[in-house]
Structure formats: C-alpha cells, structure tokens
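Peer 1: target_14.txt is the file, holding compact mmCIF, C-alpha atoms and all ligand atoms:
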```txt
# COMPACT_ATOMS: atom_id res chain seq x y z
CA MET A 19 0.00 0.00 0.00
CA THR A 20 1.35 3.42 -0.81
CA GLN A 21 1.81 5.74 2.09
CA ASN A 22 -0.01 9.03 1.69
CA THR A 23 0.87 10.92 4.84
CA LEU A 24 3.94 11.08 7.01
CA THR A 25 4.18 12.68 10.43
CA ILE A 26 7.70 13.31 11.66
CA THR A 27 9.39 15.09 14.53
CA ARG A 28 9.87 18.73 13.54
CA PRO A 29 13.00 18.94 11.38
CA ASP A 30 16.08 21.21 11.50
CA ASP A 31 18.25 22.65 8.75
CA TRP A 32 21.95 22.09 9.52
CA HIS A 33 23.24 24.42 6.74
CA LEU A 34 21.47 27.66 5.84
CA HIS A 35 22.26 31.11 4.42
CA LEU A 36 19.94 33.82 5.72
CA ARG A 37 21.95 36.86 4.49
CA ASP A 38 21.17 40.22 6.14
CA ALA A 39 18.93 43.31 6.03
CA GLU A 40 16.18 43.19 3.35
CA ALA A 41 17.20 39.77 2.05
CA LEU A 42 17.09 38.34 5.58
CA LYS A 43 13.59 39.68 6.07
CA ALA A 44 12.49 38.20 2.74
CA VAL A 45 13.68 34.64 3.45
CA VAL A 46 13.66 34.00 7.20
CA GLY A 47 9.92 33.29 7.36
CA ASP A 48 10.27 30.48 4.82
CA THR A 49 12.77 28.62 7.00
CA ALA A 50 10.82 29.26 10.20
CA ARG A 51 7.73 27.70 8.59
CA GLN A 52 9.58 24.43 7.97
CA PHE A 53 12.35 24.11 10.53
CA ALA A 54 12.67 24.48 14.29
CA ARG A 55 16.36 25.36 14.16
CA ALA A 56 19.00 26.09 11.57
CA ILE A 57 22.75 26.43 11.45
CA ILE A 58 23.30 29.95 10.13
CA MET A 59 26.24 30.38 7.80
CA PRO A 60 28.58 33.30 8.58
CA ASN A 61 29.56 34.36 5.02
CA LEU A 62 28.18 37.88 5.22
CA LYS A 63 30.06 40.89 3.94
CA PRO A 64 32.01 41.47 6.16
CA PRO A 65 32.03 37.91 7.56
CA VAL A 66 30.89 36.97 11.08
CA THR A 67 34.31 36.32 12.60
CA THR A 68 33.82 36.99 16.32
CA ALA A 69 31.46 36.07 19.14
CA ALA A 70 30.34 39.71 19.33
CA LEU A 71 29.48 39.79 15.62
CA ALA A 72 27.55 36.50 15.95
CA VAL A 73 25.52 37.86 18.85
CA ALA A 74 24.70 41.01 16.87
CA TYR A 75 23.73 38.95 13.80
CA ARG A 76 21.50 36.71 15.92
CA GLU A 77 19.74 39.83 17.20
CA ARG A 78 19.13 41.01 13.63
CA ILE A 79 17.69 37.57 12.77
CA GLU A 80 15.42 37.70 15.82
CA GLN A 81 14.27 41.17 14.87
CA ALA A 82 13.54 40.03 11.30
CA LEU A 83 11.56 37.05 12.65
CA ALA A 84 9.46 39.40 14.77
CA GLU A 85 8.92 41.74 11.81
CA VAL A 86 7.60 38.96 9.61
CA GLY A 87 5.30 37.72 12.37
CA VAL A 88 7.09 34.59 13.63
CA ALA A 89 6.27 34.14 17.32
CA PRO A 90 9.20 34.01 19.75
CA GLY A 91 10.54 30.49 20.33
CA VAL A 92 9.15 29.04 17.08
CA PHE A 93 12.53 29.16 15.34
CA THR A 94 16.02 29.15 16.85
CA PRO A 95 19.04 30.28 14.82
CA LEU A 96 22.25 28.42 15.74
CA MET A 97 25.13 30.75 14.95
CA THR A 98 28.53 29.96 13.45
CA LEU A 99 31.78 31.87 13.12
CA TYR A 100 33.85 32.32 9.97
CA LEU A 101 37.35 30.92 10.37
CA THR A 102 40.21 33.09 9.08
CA ASP A 103 43.99 32.80 9.02
CA ASN A 104 44.00 35.10 12.06
CA THR A 105 41.35 33.49 14.27
CA GLN A 106 42.69 33.21 17.82
CA PRO A 107 41.96 30.18 20.04
CA ASP A 108 40.41 32.35 22.76
CA GLU A 109 37.76 33.54 20.26
CA ALA A 110 36.61 29.93 19.83
CA VAL A 111 36.47 29.36 23.58
CA ARG A 112 34.65 32.66 24.17
CA ALA A 113 32.09 32.02 21.42
CA TYR A 114 31.40 28.40 22.30
CA GLU A 115 31.29 28.70 26.05
CA SER A 116 29.11 31.82 26.02
CA GLY A 117 26.65 30.20 23.58
CA ALA A 118 27.31 32.90 20.95
CA ALA A 119 28.17 30.27 18.34
CA VAL A 120 27.92 26.48 18.08
CA ALA A 121 30.59 25.90 15.42
CA PHE A 122 33.27 27.39 13.18
CA LYS A 123 32.92 27.37 9.40
CA LEU A 124 35.90 26.78 7.15
CA TYR A 125 35.79 28.45 3.76
CA PRO A 126 38.97 27.77 1.81
CA ALA A 127 39.86 31.24 0.45
CA GLY A 128 38.23 31.72 -2.95
CA ALA A 129 36.17 28.49 -2.89
CA THR A 130 32.66 29.98 -2.96
CA THR A 131 30.41 33.03 -2.36
CA ASN A 132 32.04 35.51 0.08
CA SER A 133 35.01 33.31 0.84
CA ASP A 134 37.75 35.88 0.13
CA ALA A 135 38.48 36.26 3.85
CA GLY A 136 38.69 32.48 4.22
CA VAL A 137 41.61 30.28 5.14
CA THR A 138 44.68 30.02 2.89
CA ASP A 139 46.36 27.02 4.56
CA LEU A 140 44.37 25.26 7.26
CA LEU A 141 47.00 23.31 9.16
CA ALA A 142 49.72 25.95 8.76
CA ARG A 143 47.54 28.87 9.86
CA CYS A 144 44.81 27.49 12.13
CA SER A 145 46.34 24.71 14.25
CA ALA A 146 46.05 26.62 17.53
CA VAL A 147 42.34 27.32 17.10
CA LEU A 148 41.66 23.77 15.86
CA GLU A 149 43.40 22.44 18.96
CA ALA A 150 41.16 24.59 21.17
CA MET A 151 38.03 23.49 19.28
CA GLN A 152 38.98 19.84 19.64
CA ARG A 153 39.49 20.36 23.38
CA ILE A 154 36.14 22.07 24.00
CA GLY A 155 34.11 19.93 21.55
CA MET A 156 33.30 22.75 19.10
CA PRO A 157 32.62 21.37 15.59
CA LEU A 158 34.34 22.53 12.42
CA LEU A 159 31.99 22.82 9.42
CA VAL A 160 33.80 22.54 6.13
CA HIS A 161 33.18 23.77 2.61
CA GLY A 162 35.13 20.87 1.13
CA GLU A 163 36.58 21.95 -2.19
CA VAL A 164 40.17 22.66 -3.15
CA THR A 165 40.66 26.09 -4.65
CA ASP A 166 43.55 25.29 -6.97
CA PRO A 167 42.37 26.83 -10.28
CA SER A 168 44.13 24.11 -12.24
CA VAL A 169 41.84 21.47 -10.73
CA ASP A 170 38.70 20.69 -12.73
CA VAL A 171 35.62 22.14 -11.03
CA PHE A 172 33.98 18.69 -10.95
CA ASP A 173 37.01 17.18 -9.13
CA ARG A 174 37.47 19.76 -6.39
CA GLU A 175 35.55 17.94 -3.67
CA ALA A 176 37.18 14.55 -4.21
CA LEU A 177 40.66 16.10 -4.15
CA PHE A 178 39.82 18.02 -0.97
CA ILE A 179 39.49 14.70 0.85
CA ASP A 180 43.10 13.75 0.14
CA ARG A 181 44.63 17.19 0.37
CA VAL A 182 42.81 18.65 3.39
CA MET A 183 40.32 16.33 5.11
CA ILE A 184 42.62 13.37 5.72
CA PRO A 185 45.57 15.47 7.01
CA LEU A 186 43.19 17.57 9.16
CA ARG A 187 41.60 14.54 10.78
CA LYS A 188 44.98 12.89 11.27
CA SER A 189 46.23 15.94 13.18
CA PHE A 190 42.98 16.42 15.14
CA PRO A 191 41.37 12.97 15.38
CA ALA A 192 38.89 13.98 18.09
CA LEU A 193 37.75 17.21 16.37
CA LYS A 194 34.09 17.06 15.32
CA VAL A 195 33.94 17.75 11.58
CA VAL A 196 30.92 18.22 9.32
CA PHE A 197 31.71 17.84 5.62
CA GLU A 198 29.09 20.31 4.38
CA HIS A 199 26.92 19.78 1.29
CA ILE A 200 28.69 16.68 -0.01
CA THR A 201 28.17 16.09 -3.71
CA THR A 202 30.22 13.02 -4.61
CA LYS A 203 30.45 9.28 -4.14
CA GLU A 204 33.96 9.87 -2.77
CA GLY A 205 32.60 12.32 -0.17
CA ALA A 206 29.82 9.94 0.89
CA GLU A 207 32.18 6.96 1.16
CA TYR A 208 34.77 8.94 3.08
CA VAL A 209 32.22 10.09 5.65
CA ARG A 210 30.61 6.67 5.91
CA ASP A 211 33.91 4.88 6.60
CA ALA A 212 36.14 7.40 8.39
CA GLU A 213 37.04 6.91 12.01
CA GLY A 214 36.09 9.49 14.61
CA PRO A 215 33.40 12.17 14.89
CA VAL A 216 32.70 13.03 11.25
CA ALA A 217 29.36 13.69 9.55
CA ALA A 218 27.98 15.32 6.41
CA THR A 219 25.05 17.44 5.32
CA ILE A 220 23.30 16.77 2.01
CA THR A 221 21.18 19.27 0.05
CA ALA A 222 17.92 18.51 -1.73
CA GLN A 223 19.27 19.54 -5.12
CA HIS A 224 22.12 17.05 -4.91
CA LEU A 225 19.62 14.26 -4.13
CA LEU A 226 17.25 15.23 -6.95
CA TYR A 227 19.45 16.33 -9.84
CA ASN A 228 22.62 15.51 -11.67
CA ARG A 229 24.67 17.96 -13.72
CA ASN A 230 22.46 17.61 -16.78
CA ALA A 231 19.96 19.85 -14.96
CA ILE A 232 22.31 22.81 -15.43
CA PHE A 233 22.32 22.41 -19.21
CA GLN A 234 18.90 21.04 -20.11
CA GLY A 235 17.90 22.80 -23.34
CA GLY A 236 20.18 25.74 -22.50
CA VAL A 237 22.05 27.08 -19.51
CA ARG A 238 19.93 27.12 -16.35
CA PRO A 239 21.53 29.35 -13.74
CA HIS A 240 19.06 28.47 -10.99
CA TYR A 241 20.55 24.96 -10.86
CA TYR A 242 24.05 26.34 -10.36
CA CYS A 243 25.45 26.05 -6.86
CA LEU A 244 28.76 25.13 -5.27
CA PRO A 245 29.85 22.44 -5.04
CA ILE A 246 28.37 22.03 -8.52
CA LEU A 247 25.93 19.21 -9.34
CA LYS A 248 27.82 16.09 -10.41
CA ARG A 249 27.20 12.98 -12.56
CA GLU A 250 24.32 10.58 -11.95
CA VAL A 251 26.59 8.03 -10.23
CA HIS A 252 27.27 10.63 -7.54
CA ARG A 253 23.62 11.56 -7.12
CA ARG A 254 22.81 7.90 -6.57
CA ALA A 255 25.56 7.54 -3.97
CA LEU A 256 24.19 10.55 -2.09
CA VAL A 257 20.65 9.13 -2.12
CA GLU A 258 22.03 5.85 -0.81
CA ALA A 259 23.90 7.67 1.99
CA ALA A 260 20.97 9.90 2.99
CA THR A 261 18.51 7.00 3.09
CA SER A 262 20.94 4.57 4.78
CA GLU A 263 21.03 3.73 8.47
CA SER A 264 24.29 5.56 9.00
CA PRO A 265 23.90 8.25 11.68
CA ARG A 266 26.43 10.43 9.84
CA PHE A 267 24.27 11.95 7.10
CA PHE A 268 21.74 14.67 7.83
CA LEU A 269 19.72 17.47 6.30
CA GLY A 270 21.37 20.74 5.34
CA THR A 271 19.56 22.66 2.62
CA ASP A 272 22.37 25.10 1.80
CA SER A 273 19.50 27.35 0.75
CA ALA A 274 21.52 30.27 -0.63
CA PRO A 275 19.38 33.16 -1.84
CA HIS A 276 20.62 35.44 -4.62
CA SER A 277 18.31 37.83 -6.48
CA LYS A 278 17.00 36.83 -9.88
CA GLY A 279 19.16 39.55 -11.45
CA LEU A 280 22.36 38.21 -9.91
CA LYS A 281 21.57 34.62 -10.95
CA GLU A 282 20.50 35.44 -14.52
CA HIS A 283 23.71 37.29 -15.22
CA ALA A 284 26.82 37.01 -17.40
CA CYS A 285 28.64 35.80 -14.27
CA GLY A 286 25.80 34.39 -12.20
CA CYS A 287 26.09 33.76 -8.46
CA ALA A 288 26.31 30.23 -7.07
CA GLY A 289 23.45 29.10 -4.85
CA CYS A 290 19.97 27.56 -5.01
CA TYR A 291 17.03 28.95 -3.05
CA THR A 292 15.25 25.99 -1.46
CA ALA A 293 14.09 27.20 1.97
CA HIS A 294 10.58 27.88 0.69
CA HIS A 295 9.82 24.21 -0.11
CA ALA A 296 12.75 22.31 1.36
CA MET A 297 10.81 19.48 2.98
CA GLU A 298 8.71 19.01 -0.16
CA LEU A 299 11.94 18.56 -2.13
CA TYR A 300 13.47 16.12 0.35
CA ALA A 301 10.23 14.11 0.69
CA THR A 302 10.02 13.81 -3.09
CA ALA A 303 13.64 12.58 -3.24
CA PHE A 304 13.21 10.04 -0.41
CA ASP A 305 9.93 8.78 -1.84
CA ALA A 306 11.47 8.35 -5.30
CA ALA A 307 14.06 6.09 -3.64
CA GLY A 308 11.30 4.13 -1.90
CA LYS A 309 12.67 5.31 1.47
CA ILE A 310 10.18 7.86 2.77
CA ASP A 311 10.34 6.05 6.14
CA ARG A 312 13.98 7.18 6.51
CA LEU A 313 13.18 10.88 6.16
CA GLU A 314 12.62 11.49 9.87
CA ALA A 315 16.03 10.19 10.95
CA PHE A 316 17.74 12.30 8.27
CA ALA A 317 15.74 15.48 8.87
CA SER A 318 15.05 15.38 12.60
CA PHE A 319 17.30 13.01 14.57
CA ARG A 320 20.84 12.68 13.29
CA GLY A 321 21.67 16.40 13.21
CA PRO A 322 20.85 17.14 16.87
CA ASP A 323 22.43 13.83 17.89
CA PHE A 324 25.71 14.80 16.22
CA TYR A 325 25.71 18.33 17.65
CA GLY A 326 24.78 17.03 21.11
CA LEU A 327 21.52 19.00 21.16
CA PRO A 328 18.06 17.72 22.13
CA ARG A 329 15.74 16.50 19.39
CA ASN A 330 12.70 18.69 18.72
CA THR A 331 9.40 17.85 20.37
CA GLY A 332 6.79 19.16 17.89
CA THR A 333 5.75 17.39 14.69
CA MET A 334 5.34 18.13 10.98
CA THR A 335 2.95 16.29 8.68
CA LEU A 336 3.66 15.80 5.00
CA GLU A 337 1.08 14.51 2.55
CA ARG A 338 1.24 13.02 -0.88
CA ALA A 339 -0.28 15.79 -2.98
CA ASP A 340 0.87 17.86 -5.91
CA PHE A 341 2.78 20.97 -4.92
CA THR A 342 3.68 23.42 -7.66
CA ILE A 343 6.71 25.55 -6.88
CA PRO A 344 6.14 29.27 -7.48
CA THR A 345 8.03 30.76 -10.41
CA GLU A 346 9.23 33.78 -8.41
CA LEU A 347 9.08 35.03 -4.84
CA PRO A 348 9.46 38.55 -3.41
CA PHE A 349 13.01 39.42 -2.34
CA GLY A 350 13.13 42.98 -0.99
CA LYS A 351 12.84 45.30 -3.96
CA GLU A 352 13.72 42.42 -6.28
CA THR A 353 12.56 38.86 -6.78
CA ILE A 354 14.11 35.46 -6.31
CA VAL A 355 13.61 32.34 -8.41
CA PRO A 356 13.43 29.23 -6.23
CA LEU A 357 14.97 25.90 -7.22
CA ALA A 358 12.76 23.93 -9.63
CA ALA A 359 10.50 26.95 -10.14
CA GLY A 360 7.26 26.00 -11.87
CA GLU A 361 7.79 22.27 -11.37
CA THR A 362 5.33 20.08 -9.51
CA LEU A 363 6.49 17.96 -6.57
CA LYS A 364 4.70 14.91 -5.22
CA TRP A 365 4.64 15.86 -1.54
CA ARG A 366 3.65 18.92 0.41
CA VAL A 367 3.81 20.06 4.02
CA ARG A 368 0.39 20.18 5.60
CA ALA A 369 -0.31 23.67 6.91
N1 LIG A 401 26.32 26.95 -2.05
C1 LIG A 401 26.43 28.00 -2.84
O1 LIG A 401 26.43 27.81 -4.05
N2 LIG A 401 26.52 29.26 -2.37
C2 LIG A 401 26.61 29.66 -0.99
C3 LIG A 401 27.97 29.44 -0.42
C4 LIG A 401 28.30 28.02 -0.08
O2 LIG A 401 27.60 27.35 0.67
O3 LIG A 401 29.31 27.50 -0.59
C5 LIG A 401 26.25 31.16 -0.90
O4 LIG A 401 26.51 31.75 0.15
O5 LIG A 401 25.68 31.70 -1.85
ZN ZN A 402 29.71 25.96 0.79
ZN ZN A 403 26.31 27.06 2.02
```
Can I see the file as structure tokens?

Peer 2:
Amino acid sequence: MTQNTLTITRPDDWHLHLRDAEALKAVVGDTARQFARAIIMPNLKPPVTTAALAVAYRERIEQALAEVGVAPGVFTPLMTLYLTDNTQPDEAVRAYESGAAVAFKLYPAGATTNSDAGVTDLLARCSAVLEAMQRIGMPLLVHGEVTDPSVDVFDREALFIDRVMIPLRKSFPALKVVFEHITTKEGAEYVRDAEGPVAATITAQHLLYNRNAIFQGGVRPHYYCLPILKREVHRRALVEAATSESPRFFLGTDSAPHSKGLKEHACGCAGCYTAHHAMELYATAFDAAGKIDRLEAFASFRGPDFYGLPRNTGTMTLERADFTIPTELPFGKETIVPLAAGETLKWRVRA
C-alpha cells in the first residue's frame, strides 16, 4: 500500500544562508515555517568572525523574525563563526562557552560566495584554534573543495578529501567535523567509513538532480550552486547515503538566496534557493528512492544527535499531494527564483 501521509518530529536545517537586512527579512519566514532550528552560515560581507558579531547577527535575525510575524521560540538560529587565518583560540572558547556560536565554518579562500576572507592554509595557519576546538568539543563545518584553479571544477571535492580532510583529521582525530553539502560518491564513502566524529550534510538539489539539470535545453543558472551538481553516479551515492542507516548523514539545505538579477547574469552567483519548499523537495527525493520512512532520521534526529543537542518535540505532517513551486518570490525590492520553479512535486507540508 502506498503511504499518503507522514508525520515526523519537527526537522532542523543544519546548513542555511539567511543573508542580512532586506534579504534576511524576505527569506527568514520560509525557514521558520519548515524548521525548528537552523545552522546559520557566517559568510556575510564582512564575515561573522567573532562572538560579538555572531551575537549582533542573531539579534538582527530575531528582529527580522518578529517583523515577519514569527512568534518568539518558534525558530532558533544556531550561529557559526567564519574561520580566518588570524582566528585566535580564545575567540573559539569565548564564542562556544558563552553560547554565541555552536561551530566554526571553514571556507577555503576563494572556494565559494564571500570566501575571500577564508583560510589560505588550514594546518599551517589554524592549528592553535583547531586544537582549542577539539578540546572544548566545538565542531568545524567545512566547505570541502580545493581552490587550486588548475583542478577541474567537478574534481574539487574529491581532491579536498586527500589534500585537506585526511591530514586535518589525522592531526585532530577527536575534532568534530561536518563535511558540508557533499556532492560526490567519494565524499559519501569517506564520511561513511572514516574513524572518529565526522558527519555530512546533504542538500535537496544534490539528491534530486545531476549535472544535466544545469544544461537542459540551454544554460539554467538556478541549478548552479557550489559544489556544482555532479554525474548521476554521484547523485545515486548521495541518495544511498541519505537513506541509509548511518547516523552520519543529515539534512542541510544550503538554501543560498541570490536575487534573480544576480543569478540570470553574465557571471551568475552560485546558490539555489530551497528554503521555501525544502521538505517538499526532500520528501520527493526520499519517496522516489522508496525510502520515505527514513526521512525522519535524516531530517530530525541525526543532526541534533551529532551536535549534542536535544531533538525537537513538535511534529510536521507531509502529505502526498501535488505541490507546484512558485516561479518567483518577493526578495526585498527584487525577486528570487526558487529551485525547480514551476515544477510540480509529489509531496507537500500540511499547513
Ligand atoms: N552553495 C552555494 O552555491 N553558495 C553559498 C555558499 C556556499 O555554501 O558555498 C552562498 O553563500 O551563496
Ligand atoms: Zn559551501
Ligand atoms: Zn552554504
């Protein structure tokens, strides 16, 4: 018998970009409608590099939530700090122990949107802060792509494992590491098999699409994100990982809003906007794999378990019903085109 409804513990998003100011106000309500908590990425301009900046950013998020009518306590932002070559160990201790931030985010310099202030050489520049993080149990969240321009863009994640991840985890074997938005079979296998406290987030777009989506009938900038969509063999490996019984894979949308104008551009920005219908996308992907029963563990259990946080207590109900994704959404004075705009999904969140 086909299952037509699914009630799960309220989910969390373990990788989210909320931006700031008008953009923040435009998108934060979408996430708060679907998720109880989210890990907020620190790649603002300028980046969120200190506990004080994270506290101030959290206040702006809370103000935006109030302005769009989200009641207090409905949604909790979990803040992160942006690691730089100059981050001092006492900043990690101050941020983590005061509750200002739950993790540090590693952006290799030049790897992705707003990563210019990122790290140039992780082990050479950041060993003292990594040592402190390992000691206090503060996770390191990693954008896992090498930045060497001579490396093919489709190979940058796989090479990162050998060049950065393995040496990092050899030097700091007890450091909690989240390999963010994995996109390859190599990434999934590494996380599945590695020793020690390692996990990975997986986006909806990497479960649903392979790289053909970027080029179907012409170039489609709204399917362009980093790390870029890969071949079908990789998509299948990610679906297998997400729907497996491994506790190491959990939901992280990487919803990354950019205005329509900046996406449909000669040099379009990387990032897919999925916060608006994230659970519909994930449910469609899990159902297509015949594994809708595994969605709750992926979306609601494994993330808090890895971070050492309590699981949520409320519930969300999804139902098998057509859900057509809007073609455009308001985005301050501009608009934003969500991922898979105009397409019809098989599941929707019951209001
Ligand atoms: N994923 C993306 O394509 N873009 C993200 C940055 C990131 O997560 O790498 C963004 O901030 O726009
Ligand atoms: Zn990233
Ligand atoms: Zn991201």

Peer 1: I'd like a table as a Markdown table: residues in chain A with an atom no more than 8 Å from ligand LIG 401 (chain A), each row giving the shortest atom pair and its distance in Å to one decimal, all atoms listed in the file counted, sorted by chain and rising residue number.

Peer 2:
```
| residue | atom | partner | partner_atom | distance |
| --- | --- | --- | --- | --- |
| A:His35 | CA | A:LIG401 | O4 | 6.1 |
| A:Met59 | CA | A:LIG401 | O4 | 7.8 |
| A:Asn61 | CA | A:LIG401 | O4 | 6.3 |
| A:Tyr125 | CA | A:LIG401 | O3 | 7.9 |
| A:Ala129 | CA | A:LIG401 | O3 | 7.3 |
| A:Thr130 | CA | A:LIG401 | O3 | 4.8 |
| A:Thr131 | CA | A:LIG401 | C3 | 4.8 |
| A:Asn132 | CA | A:LIG401 | O4 | 6.7 |
| A:His161 | CA | A:LIG401 | O3 | 6.3 |
| A:His199 | CA | A:LIG401 | O2 | 7.6 |
| A:Tyr242 | CA | A:LIG401 | O1 | 6.9 |
| A:Cys243 | CA | A:LIG401 | O1 | 3.5 |
| A:Leu244 | CA | A:LIG401 | O1 | 3.8 |
| A:Pro245 | CA | A:LIG401 | O1 | 6.4 |
| A:Ile246 | CA | A:LIG401 | O1 | 7.6 |
| A:Asp272 | CA | A:LIG401 | O2 | 5.8 |
| A:Ser273 | CA | A:LIG401 | N1 | 7.4 |
| A:Ala274 | CA | A:LIG401 | O5 | 4.6 |
| A:Pro275 | CA | A:LIG401 | O5 | 6.5 |
| A:His276 | CA | A:LIG401 | O5 | 6.9 |
| A:Cys287 | CA | A:LIG401 | O5 | 6.9 |
| A:Ala288 | CA | A:LIG401 | O1 | 3.9 |
| A:Gly289 | CA | A:LIG401 | O1 | 3.3 |
| A:Cys290 | CA | A:LIG401 | O1 | 6.5 |
```

Peer 1: What's the separation between atom CA of Ala369 of chain A and atom CA of Ala84 of chain A, in Å to one decimal place?

Peer 2: 20.1 Å

Peer 1: Name the residues within 10 Å of (23.6, 28.2, 14.1), counting only C-alpha atoms in the file's coordinates, and put them as a ChimeraX atom specification.

Peer 2: /A:31-34,55-60,72,76,94-99,118-122

Peer 1: Give as a list of chain:residue names each residue that has an atom at most 12 Å from (11.7, 21.2, 18.9) in the file, counting all atoms listed in the file.

Peer 2: A:Ile26, A:Thr27, A:Arg28, A:Pro29, A:Asp30, A:Ala50, A:Gln52, A:Phe53, A:Ala54, A:Arg55, A:Ala56, A:Gly91, A:Val92, A:Phe93, A:Thr94, A:Ser318, A:Phe319, A:Pro322, A:Leu327, A:Pro328, A:Arg329, A:Asn330, A:Thr331, A:Gly332, A:Thr333, A:Met334

Peer 1: Of the residues A:Glu115, A:Glu346, A:Asp170, A:Glu175, which is the one nearest to Glu361 of chain A, using all atoms listed in the file?

Peer 2: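 For Glu361 of chain A, the nearest of the candidates is A:Glu346.
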
Peer 1: Could you give me, as a compact mmCIF listing (two decimals) with C-alpha atoms, in the frame of the given file, the residues within 10 Å of Lys43 of chain A, counting only C-alpha atoms and dropping anything in the same chain fewer than 6 positions from it?

Peer 2:
```txt
# COMPACT_ATOMS: atom_id res chain seq x y z
CA LEU A 36 19.94 33.82 5.72
CA ARG A 37 21.95 36.86 4.49
CA ARG A 78 19.13 41.01 13.63
CA ILE A 79 17.69 37.57 12.77
CA GLN A 81 14.27 41.17 14.87
CA ALA A 82 13.54 40.03 11.30
CA LEU A 83 11.56 37.05 12.65
CA ALA A 84 9.46 39.40 14.77
CA GLU A 85 8.92 41.74 11.81
CA VAL A 86 7.60 38.96 9.61
CA PHE A 349 13.01 39.42 -2.34
CA GLY A 350 13.13 42.98 -0.99
```

Peer 1: Would you mind listing what lies within 9 Å of Cys144 of chain A as a compact mmCIF listing (two decimals) with C-alpha atoms, in the coordinates of the input, with only C-alpha atoms counted and same-chain residues fewer than 4 positions away left out?

Peer 2:
```
# COMPACT_ATOMS: atom_id res chain seq x y z
CA LEU A 101 37.35 30.92 10.37
CA THR A 102 40.21 33.09 9.08
CA ASP A 103 43.99 32.80 9.02
CA ASN A 104 44.00 35.10 12.06
CA THR A 105 41.35 33.49 14.27
CA GLN A 106 42.69 33.21 17.82
CA PRO A 107 41.96 30.18 20.04
CA VAL A 137 41.61 30.28 5.14
CA ASP A 139 46.36 27.02 4.56
CA LEU A 140 44.37 25.26 7.26
CA LEU A 148 41.66 23.77 15.86
CA GLU A 149 43.40 22.44 18.96
```

Peer 1: If we count all atoms listed in the file, what is near segment 184-195 of chain A at a cut-off of 6 Å, once residues fewer than 4 positions away on the same chain are taken out, given as an mmCIF file with C-alpha atoms, in the coordinates of the input?

Peer 2:
```
data_model
loop_
_atom_site.group_PDB
_atom_site.id
_atom_site.type_symbol
_atom_site.label_atom_id
_atom_site.label_comp_id
_atom_site.auth_asym_id
_atom_site.auth_seq_id
_atom_site.Cartn_x
_atom_site.Cartn_y
_atom_site.Cartn_z
ATOM 1 C CA GLN A 152 38.980 19.840 19.640
ATOM 2 C CA PRO A 157 32.620 21.370 15.590
ATOM 3 C CA LEU A 158 34.340 22.530 12.420
ATOM 4 C CA LEU A 159 31.990 22.820 9.420
ATOM 5 C CA ILE A 179 39.490 14.700 0.850
ATOM 6 C CA ASP A 180 43.100 13.750 0.140
ATOM 7 C CA PRO A 215 33.400 12.170 14.890
ATOM 8 C CA VAL A 216 32.700 13.030 11.250
#
```

Peer 1: What gap, in Å, lies between atom CA of Ala206 of chain A and atom CA of Lys309 of chain A?

Peer 2: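 Spanning atom CA of Ala206 of chain A to atom CA of Lys309 of chain A is a straight-line distance of 17.8 Å.
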
Peer 1: Pick out the closest residue to Thr353 of chain A from this set: A:Tyr100, A:Phe341, A:Phe233, A:Tyr291. Count all atoms listed in the file.

Peer 2: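 That would be A:Tyr291, the residue with the smallest distance to Thr353 of chain A.
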
Peer 1: Pick from A:Ser277, A:Ser168, A:Thr68, A:Thr362: nearest to Ala41 of chain A, with only C-alpha atoms counted?

Peer 2: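 Ranked by minimum distance to Ala41 of chain A, first place goes to A:Ser277.
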
Peer 1: Of the candidates A:Arg266, A:Leu247, A:Thr25, A:Gln223, which shows the shortest atom-to-atom distance to Asp211 of chain A, using only C-alpha atoms?

Peer 2: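 Counting only C-alpha atoms, the residue closest to Asp211 of chain A is A:Arg266.
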
Peer 1: Extract, using all atoms listed in the file, all DNA, RNA and protein residues at most 10 Å from Tyr208 of chain A, discarding same-chain residues fewer than 4 positions from it, and format them as a list in words.

Peer 2: Ala176, Ile179, Met183, Ile184, Phe197, Thr202, Lys203, Glu204, Ala212, Glu213, Val216, Ala217 and Ala218 of chain A
